[in-house]
Amino acid sequence: MQYRTLGRTGVQVSTLALGAMNFGRIGRTTQEEATAIVDAALEAGINLIDTADMYGEGESEEMVGKAVAGRRDDLVLATKATMPMGEERNHRGSSRRWLVTALDDSLRRLGVDHVDLYQIHRWDPDTSDEETLSALTDLQRAGKIRYFGSSTFPAYRIVQAQWAAREHHLSRYVTEQPSYSILQRGIEAHVLPVAEEYGLGVLAWSPLASGWLSGAVRKGREISTNRSTFMPERFDTTIPANRARLEAVEQLATVADESGLTMVQLALGFVTAHPGVTSALIGPRTLDHLHAQLAAADLTLSADVLDAIDAVVTPGTDLAAHEKYDTPPALLDPSLRRR
């Protein structure tokens with residue numbers, strides 16, 4: 001396992017980190033299976049586990065808490081807030097009122113007195129940067145969180161938050177967690193350069209592109225991945241964007257074969273090759289998935305392989321831009337761009 005410094009924090013984290021979204025109902029993973037995955041991941045050298053309050057409505061945090069009991073100090077523990085937790089309109093967002101409550105709930109579910117990294121799951125356009133950063137700074141000073149970061153923020157919001165922290169003399173986001181894979185390279189054009197400029201650690205989620213790069217999705221095969229069962233539109237090959245992805249996958253499979261690599265190794269090795277990326281978040285549902293992903297732990301792709309990938313998917317390009325979560329609200333809601 002390789003290790004890198006998480007931004008400018010001085011904290012050393014593994015280049016593969018364990019994402020726990022699939023623990024529980026989302027991935028149909030039992031507590032016994034989740035604990036076995038955590039055991040194997042830690043034994044392999046992974047030292048960062050990432051979850052969120054909304055994964056299974058708290059179920060993932062509870063399962064992570066049970067799996068790490070007794071060895072909390074041996075790992076970097078990260079969770080997230082701001083996504084809706086129930087129907088109550090104020091049980092979401094990044095206001096001080098909600099973040100204080102949400103963090104206490106997460107700490108209770110995890111069975112710990114602090115988390116190492118607390119992340120704002122999505123930018124909340126209804127809450128000012130000063131409000132959110134002030135609350136996070138106070139929670140940090142109270143010892144409930146060590147550091148805080150953002151997740152899936154547009155580049156301009158990352159910059160704005162850095163300036164707000166400076167202007168109001170508050171602690172700042174030290175990490176960003178964006179979606180990044182061979183098939184979704186848009187952040188190379190804006191988010192990653194900004195993260196490097198401000199010295200942010202970058203934890204890349206969905207490096208296997210929701211299973212497109214797992215090796216299970218190929219031409220002539222029925223697509224039956226776990227993700228395709230509850231997000232079928234993302235794998236419907238009658239949709240032009242999905243046909244483009246399938247064509248790219250076929251070309252990438254050739255690159256992998258010629259390089260003596262699995263598709264999983266190619267995909268994870270690509271993400272961790274970028275100098276702006278600290279860790280790739282893997283989200284195995286089974287031990288077999290984990291072992292396949294751990295095969296990329298010490299992998300360094302050659303320049304020839306990276307050039308071959310660039311020839312398939314142009315740098316800075318998203319093959320499924322409509323699936324991005326960092327689109328400015330005005331592009332999604334006509335009322336925000338019309339008088």
# chains A, B, ... in the order shown; residues from 1 in each chain; ligands from 1
$ residues_around --residues "Leu170 in chain A" --least-positions-apart "3" --cutoff "8 Å" --atoms "only C-alpha atoms" --output "NGL selection string"
:A and (133-134 or 137 or 164-167)
$ write_last_selection --atoms "N, CA and C atoms" --output "PDB file, in the first residue's frame"
ATOM      1  N   LEU A 133     -19.035  27.529   7.728  1.00  0.00           N
ATOM      2  CA  LEU A 133     -17.660  27.485   8.213  1.00  0.00           C
ATOM      3  C   LEU A 133     -17.569  27.864   9.689  1.00  0.00           C
ATOM      4  N   SER A 134     -18.410  28.785  10.133  1.00  0.00           N
ATOM      5  CA  SER A 134     -18.426  29.169  11.538  1.00  0.00           C
ATOM      6  C   SER A 134     -18.852  27.995  12.412  1.00  0.00           C
ATOM      7  N   THR A 137     -16.047  25.363  12.368  1.00  0.00           N
ATOM      8  CA  THR A 137     -14.915  25.819  13.172  1.00  0.00           C
ATOM      9  C   THR A 137     -15.185  25.612  14.657  1.00  0.00           C
ATOM     10  N   ALA A 164     -13.953  32.946   1.910  1.00  0.00           N
ATOM     11  CA  ALA A 164     -14.816  33.240   3.051  1.00  0.00           C
ATOM     12  C   ALA A 164     -14.117  32.896   4.361  1.00  0.00           C
ATOM     13  N   ALA A 165     -13.406  31.774   4.386  1.00  0.00           N
ATOM     14  CA  ALA A 165     -12.674  31.393   5.592  1.00  0.00           C
ATOM     15  C   ALA A 165     -11.621  32.441   5.936  1.00  0.00           C
ATOM     16  N   ARG A 166     -10.924  32.907   4.902  1.00  0.00           N
ATOM     17  CA  ARG A 166      -9.893  33.928   5.140  1.00  0.00           C
ATOM     18  C   ARG A 166     -10.510  35.245   5.606  1.00  0.00           C
ATOM     19  N   GLU A 167     -11.589  35.649   4.958  1.00  0.00           N
ATOM     20  CA  GLU A 167     -12.213  36.937   5.268  1.00  0.00           C
ATOM     21  C   GLU A 167     -12.784  36.982   6.681  1.00  0.00           C
TER      22      GLU A 167
END
$ select_by_dssp --residues "range 217-296 of chain A" --states "strand (DSSP E)" --output "list of chain:residue names"
A:Ser279, A:Ala280, A:Leu281, A:Ile282
$ atom_distance --atom1 "CA of Leu203 in chain A" --atom2 "CA of Arg243 in chain A"
28.2 Å
$ closest_residue --among "A:Ala161, A:Ala330, A:Ala295, A:Ala244" --to "Leu261 in chain A" --atoms "only C-alpha atoms"
A:Ala295
$ select_by_dssp --residues "range 129-257 of chain A" --states "helix (DSSP H, G or I)" --output "JSON, numbers by chain"
{"A": [129, 130, 131, 132, 133, 134, 135, 136, 137, 138, 139, 140, 141, 155, 156, 157, 158, 159, 160, 161, 162, 163, 164, 165, 166, 167, 186, 187, 188, 189, 191, 192, 193, 194, 195, 196, 197, 198, 209, 210, 211, 226, 227, 228, 229, 230, 232, 233, 234, 235, 240, 241, 242, 243, 244, 245, 246, 247, 248, 249, 250, 251, 252, 253, 254, 255, 256, 257]}
$ decode --residues "range 256-270 of chain A" --atoms "all heavy atoms" --output "PDB file, in the first residue's frame"
ATOM      1  N   ALA A 256      -6.173  -2.456 -21.245  1.00  0.00           N
ATOM      2  CA  ALA A 256      -5.873  -3.247 -20.053  1.00  0.00           C
ATOM      3  C   ALA A 256      -5.260  -4.597 -20.425  1.00  0.00           C
ATOM      4  O   ALA A 256      -4.244  -5.000 -19.844  1.00  0.00           O
ATOM      5  CB  ALA A 256      -7.145  -3.453 -19.233  1.00  0.00           C
ATOM      6  N   ASP A 257      -5.856  -5.278 -21.399  1.00  0.00           N
ATOM      7  CA  ASP A 257      -5.350  -6.594 -21.812  1.00  0.00           C
ATOM      8  C   ASP A 257      -3.911  -6.503 -22.309  1.00  0.00           C
ATOM      9  O   ASP A 257      -3.056  -7.325 -21.945  1.00  0.00           O
ATOM     10  CB  ASP A 257      -6.234  -7.173 -22.912  1.00  0.00           C
ATOM     11  CG  ASP A 257      -7.590  -7.632 -22.391  1.00  0.00           C
ATOM     12  OD1 ASP A 257      -7.723  -7.809 -21.165  1.00  0.00           O
ATOM     13  OD2 ASP A 257      -8.518  -7.791 -23.209  1.00  0.00           O
ATOM     14  N   GLU A 258      -3.645  -5.497 -23.135  1.00  0.00           N
ATOM     15  CA  GLU A 258      -2.303  -5.345 -23.694  1.00  0.00           C
ATOM     16  C   GLU A 258      -1.276  -4.967 -22.625  1.00  0.00           C
ATOM     17  O   GLU A 258      -0.070  -5.171 -22.824  1.00  0.00           O
ATOM     18  CB  GLU A 258      -2.320  -4.308 -24.809  1.00  0.00           C
ATOM     19  CG  GLU A 258      -3.112  -4.755 -26.045  1.00  0.00           C
ATOM     20  CD  GLU A 258      -3.198  -3.679 -27.112  1.00  0.00           C
ATOM     21  OE1 GLU A 258      -2.828  -2.518 -26.808  1.00  0.00           O
ATOM     22  OE2 GLU A 258      -3.623  -3.995 -28.242  1.00  0.00           O
ATOM     23  N   SER A 259      -1.753  -4.422 -21.511  1.00  0.00           N
ATOM     24  CA  SER A 259      -0.855  -4.012 -20.426  1.00  0.00           C
ATOM     25  C   SER A 259      -0.754  -5.061 -19.331  1.00  0.00           C
ATOM     26  O   SER A 259      -0.040  -4.858 -18.335  1.00  0.00           O
ATOM     27  CB  SER A 259      -1.349  -2.688 -19.813  1.00  0.00           C
ATOM     28  OG  SER A 259      -1.504  -1.694 -20.810  1.00  0.00           O
ATOM     29  N   GLY A 260      -1.497  -6.159 -19.494  1.00  0.00           N
ATOM     30  CA  GLY A 260      -1.475  -7.204 -18.481  1.00  0.00           C
ATOM     31  C   GLY A 260      -2.184  -6.817 -17.202  1.00  0.00           C
ATOM     32  O   GLY A 260      -1.820  -7.278 -16.115  1.00  0.00           O
ATOM     33  N   LEU A 261      -3.218  -5.981 -17.328  1.00  0.00           N
ATOM     34  CA  LEU A 261      -3.949  -5.468 -16.171  1.00  0.00           C
ATOM     35  C   LEU A 261      -5.414  -5.863 -16.247  1.00  0.00           C
ATOM     36  O   LEU A 261      -5.954  -6.109 -17.322  1.00  0.00           O
ATOM     37  CB  LEU A 261      -3.854  -3.937 -16.100  1.00  0.00           C
ATOM     38  CG  LEU A 261      -2.469  -3.315 -16.041  1.00  0.00           C
ATOM     39  CD1 LEU A 261      -2.558  -1.814 -16.227  1.00  0.00           C
ATOM     40  CD2 LEU A 261      -1.800  -3.646 -14.691  1.00  0.00           C
ATOM     41  N   THR A 262      -6.076  -5.885 -15.106  1.00  0.00           N
ATOM     42  CA  THR A 262      -7.529  -6.004 -15.088  1.00  0.00           C
ATOM     43  C   THR A 262      -8.122  -4.611 -15.311  1.00  0.00           C
ATOM     44  O   THR A 262      -7.423  -3.587 -15.164  1.00  0.00           O
ATOM     45  CB  THR A 262      -8.041  -6.545 -13.749  1.00  0.00           C
ATOM     46  OG1 THR A 262      -7.747  -5.588 -12.713  1.00  0.00           O
ATOM     47  CG2 THR A 262      -7.385  -7.877 -13.410  1.00  0.00           C
ATOM     48  N   MET A 263      -9.397  -4.570 -15.645  1.00  0.00           N
ATOM     49  CA  MET A 263     -10.058  -3.277 -15.794  1.00  0.00           C
ATOM     50  C   MET A 263     -10.053  -2.505 -14.484  1.00  0.00           C
ATOM     51  O   MET A 263      -9.891  -1.280 -14.470  1.00  0.00           O
ATOM     52  CB  MET A 263     -11.495  -3.474 -16.293  1.00  0.00           C
ATOM     53  CG  MET A 263     -11.606  -3.794 -17.762  1.00  0.00           C
ATOM     54  SD  MET A 263     -11.212  -2.347 -18.797  1.00  0.00           S
ATOM     55  CE  MET A 263     -12.705  -1.377 -18.605  1.00  0.00           C
ATOM     56  N   VAL A 264     -10.225  -3.216 -13.378  1.00  0.00           N
ATOM     57  CA  VAL A 264     -10.211  -2.561 -12.069  1.00  0.00           C
ATOM     58  C   VAL A 264      -8.848  -1.920 -11.800  1.00  0.00           C
ATOM     59  O   VAL A 264      -8.754  -0.769 -11.338  1.00  0.00           O
ATOM     60  CB  VAL A 264     -10.575  -3.568 -10.958  1.00  0.00           C
ATOM     61  CG1 VAL A 264     -10.284  -2.978  -9.576  1.00  0.00           C
ATOM     62  CG2 VAL A 264     -12.037  -3.968 -11.062  1.00  0.00           C
ATOM     63  N   GLN A 265      -7.787  -2.645 -12.090  1.00  0.00           N
ATOM     64  CA  GLN A 265      -6.445  -2.081 -11.898  1.00  0.00           C
ATOM     65  C   GLN A 265      -6.225  -0.859 -12.778  1.00  0.00           C
ATOM     66  O   GLN A 265      -5.654   0.148 -12.336  1.00  0.00           O
ATOM     67  CB  GLN A 265      -5.381  -3.138 -12.191  1.00  0.00           C
ATOM     68  CG  GLN A 265      -5.262  -4.228 -11.150  1.00  0.00           C
ATOM     69  CD  GLN A 265      -4.260  -5.284 -11.562  1.00  0.00           C
ATOM     70  OE1 GLN A 265      -4.342  -5.858 -12.655  1.00  0.00           O
ATOM     71  NE2 GLN A 265      -3.279  -5.537 -10.698  1.00  0.00           N
ATOM     72  N   LEU A 266      -6.655  -0.939 -14.024  1.00  0.00           N
ATOM     73  CA  LEU A 266      -6.501   0.195 -14.939  1.00  0.00           C
ATOM     74  C   LEU A 266      -7.245   1.405 -14.406  1.00  0.00           C
ATOM     75  O   LEU A 266      -6.705   2.524 -14.386  1.00  0.00           O
ATOM     76  CB  LEU A 266      -7.030  -0.180 -16.329  1.00  0.00           C
ATOM     77  CG  LEU A 266      -6.773   0.853 -17.439  1.00  0.00           C
ATOM     78  CD1 LEU A 266      -5.319   0.787 -17.897  1.00  0.00           C
ATOM     79  CD2 LEU A 266      -7.718   0.613 -18.625  1.00  0.00           C
ATOM     80  N   ALA A 267      -8.481   1.200 -13.966  1.00  0.00           N
ATOM     81  CA  ALA A 267      -9.309   2.304 -13.506  1.00  0.00           C
ATOM     82  C   ALA A 267      -8.758   2.946 -12.243  1.00  0.00           C
ATOM     83  O   ALA A 267      -8.663   4.182 -12.146  1.00  0.00           O
ATOM     84  CB  ALA A 267     -10.734   1.812 -13.269  1.00  0.00           C
ATOM     85  N   LEU A 268      -8.379   2.135 -11.269  1.00  0.00           N
ATOM     86  CA  LEU A 268      -7.865   2.690 -10.012  1.00  0.00           C
ATOM     87  C   LEU A 268      -6.475   3.282 -10.194  1.00  0.00           C
ATOM     88  O   LEU A 268      -6.153   4.331  -9.620  1.00  0.00           O
ATOM     89  CB  LEU A 268      -7.850   1.617  -8.930  1.00  0.00           C
ATOM     90  CG  LEU A 268      -9.220   1.080  -8.494  1.00  0.00           C
ATOM     91  CD1 LEU A 268      -9.053  -0.029  -7.459  1.00  0.00           C
ATOM     92  CD2 LEU A 268     -10.087   2.199  -7.925  1.00  0.00           C
ATOM     93  N   GLY A 269      -5.653   2.625 -11.012  1.00  0.00           N
ATOM     94  CA  GLY A 269      -4.313   3.151 -11.268  1.00  0.00           C
ATOM     95  C   GLY A 269      -4.360   4.492 -11.972  1.00  0.00           C
ATOM     96  O   GLY A 269      -3.522   5.368 -11.725  1.00  0.00           O
ATOM     97  N   PHE A 270      -5.354   4.676 -12.840  1.00  0.00           N
ATOM     98  CA  PHE A 270      -5.520   5.962 -13.523  1.00  0.00           C
ATOM     99  C   PHE A 270      -5.840   7.071 -12.531  1.00  0.00           C
ATOM    100  O   PHE A 270      -5.237   8.155 -12.558  1.00  0.00           O
ATOM    101  CB  PHE A 270      -6.651   5.861 -14.554  1.00  0.00           C
ATOM    102  CG  PHE A 270      -7.136   7.189 -15.051  1.00  0.00           C
ATOM    103  CD1 PHE A 270      -6.459   7.856 -16.060  1.00  0.00           C
ATOM    104  CD2 PHE A 270      -8.263   7.789 -14.496  1.00  0.00           C
ATOM    105  CE1 PHE A 270      -6.895   9.107 -16.503  1.00  0.00           C
ATOM    106  CE2 PHE A 270      -8.708   9.024 -14.934  1.00  0.00           C
ATOM    107  CZ  PHE A 270      -8.018   9.689 -15.946  1.00  0.00           C
TER     108      PHE A 270
END
